[in-house]
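I have placed the structure first, in the form of structure tokens, so that the comments after it can refer back to it.
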Amino acid sequence: MNNAQTIDLPSFNDLHIVVVGDVMIDRYIHGKVRRISPEAPVPVVEMEHTKDNLGGAANVAVNISALGARVTLVSVIGSDDDGEALRKMTKNYPQMDERLLSVQNRKTTVKTRIMSSSQHLLRIDKEDTDDIANEDAKIILNVIQNTGNNSKIDAIIMQDYNKGLLTKELIQAIMAYSTENSIPTFVDPKEKNFFAYTGCTLFKPNQKEVRQAVGESTKDYHKIDQELRQKLGHSITLITLGSGGVYINNGVHEILQATEPRIIADVCGAGDSVISAVCLSYLKGMSIRELAMIANAAGGQVCEQPGVASVDLFKLKKELNQ
């Protein structure tokens, strides 16, 4: 008996998502290595070209746009050349509306990767990770509130990379606003404010993050879910397990969904694609079984491509229909 399930993805064109989180530029410097430096035992990379991609929460916004929904990106950037470059890059996505606050004396986060023949040789990070000032946090909250006053918000995604935007106070203020206005909230947390998202709709840590939060030795995902629920009171737990697939629990049913075999090129950005696809699919009333399958397909598809990539809606539909 064949128990395979196919999924017909609905249109997401009528949805509007606000993405709040740390934005960055993912910069790739590509070249060839033909010799070792005479100055030190390191490879000499003969640079061929450089490519910049939107990263962090901006990559989540790119994925939302790629899936057909409208997205408002809310974040802070530095008052520097990289900040302006990031702002200009958002203009390449007609479905994306940026609300980026330029902050004086703050660096725009840039992750520079040195690549040779798809091999990752080195990464250089330029960033500030201090919490943003209370005055800037109030501006961010006002931007979200004004967005809601001018256009219906179907969901808010909070994408944290511990770069200082999502302070505990700002998280609590966004959660209060969302609760007051019945807006579903989807969270991709990091360790600093892991348990600050009380009452969120969906909580999506990865395997490493959740084990750090509840105990490194814990391997029982049902037990992990119960502990998360006691502290967060959220609706759905979604834990990404890398090659192990995903674990999902809605408080009634739980599923451990394995992945399909794939040739992995790069895992960068997979979590961004997962939370984007799952958010939109949840809003369309899809079951947790379907959410698990969509999460695996969206994350796995991105892992097959080198560098930070966004999900391809046509390919995702095709895979889910097979």
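Within each chain, counting starts at residue 1; across the structure tokens, chains are named A, B, ... in the order shown, with ligands numbered 1 upward in that order.
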
Self-check item: All residues 12 Å or closer to stretch 244-252 of chain A, only C-alpha atoms, same chain fewer than 2 positions away omitted, as a PyMOL selection string
Solution: chain A and resi 201-207+210+219-230+233-242+254-262+270-271+274-275+278+282+287-300

Exercise. May I have the residues within 10 Å of stretch 58-68 of chain A as a ChimeraX atom specification, using only C-alpha atoms and disregarding those fewer than 2 positions away in the same chain?
Key: /A:11-26,53-56,70-75,86,89-90,92-98,157-159,269-277,279-280,298,308-314,316

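Across A:Ala213, A:Leu141, A:Ala155, A:Leu232, the tightest approach to A:Arg99 is made by A:Leu141 when counting only C-alpha atoms.
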
Quiz prompt | DSSP strand (DSSP E or B) residues within stretch 38-246 of chain A, listed as a ChimeraX atom specification | solution = /A:43-56,70-78,96-103,110-116,119-126,155-159,185-188,202-203,206,236-240,246

Quiz item: Counting only C-alpha atoms, what is within 9 Å of stretch 122-132 of chain A, bar same-chain residues fewer than 4 positions away, as an NGL selection string?
Solution: :A and (24 or 76 or 103 or 106-115 or 136-137 or 162-167)

Quiz item: Counting only C-alpha atoms, what is within 9 Å of stretch 172-183 of chain A, bar same-chain residues fewer than 3 positions away, as number ranges by chain?
Solution: A: 141, 144-145, 153-156, 167-169, 196-200

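Using only C-alpha atoms, the nearest neighbour of A:Gln104 within the list A:Gln212, A:Asn149, A:Ser117, A:Ser79 is A:Ser79.
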
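Interatomic distance, atom CA of A:Leu283 to atom CA of A:Asp188: 17.0 Å.
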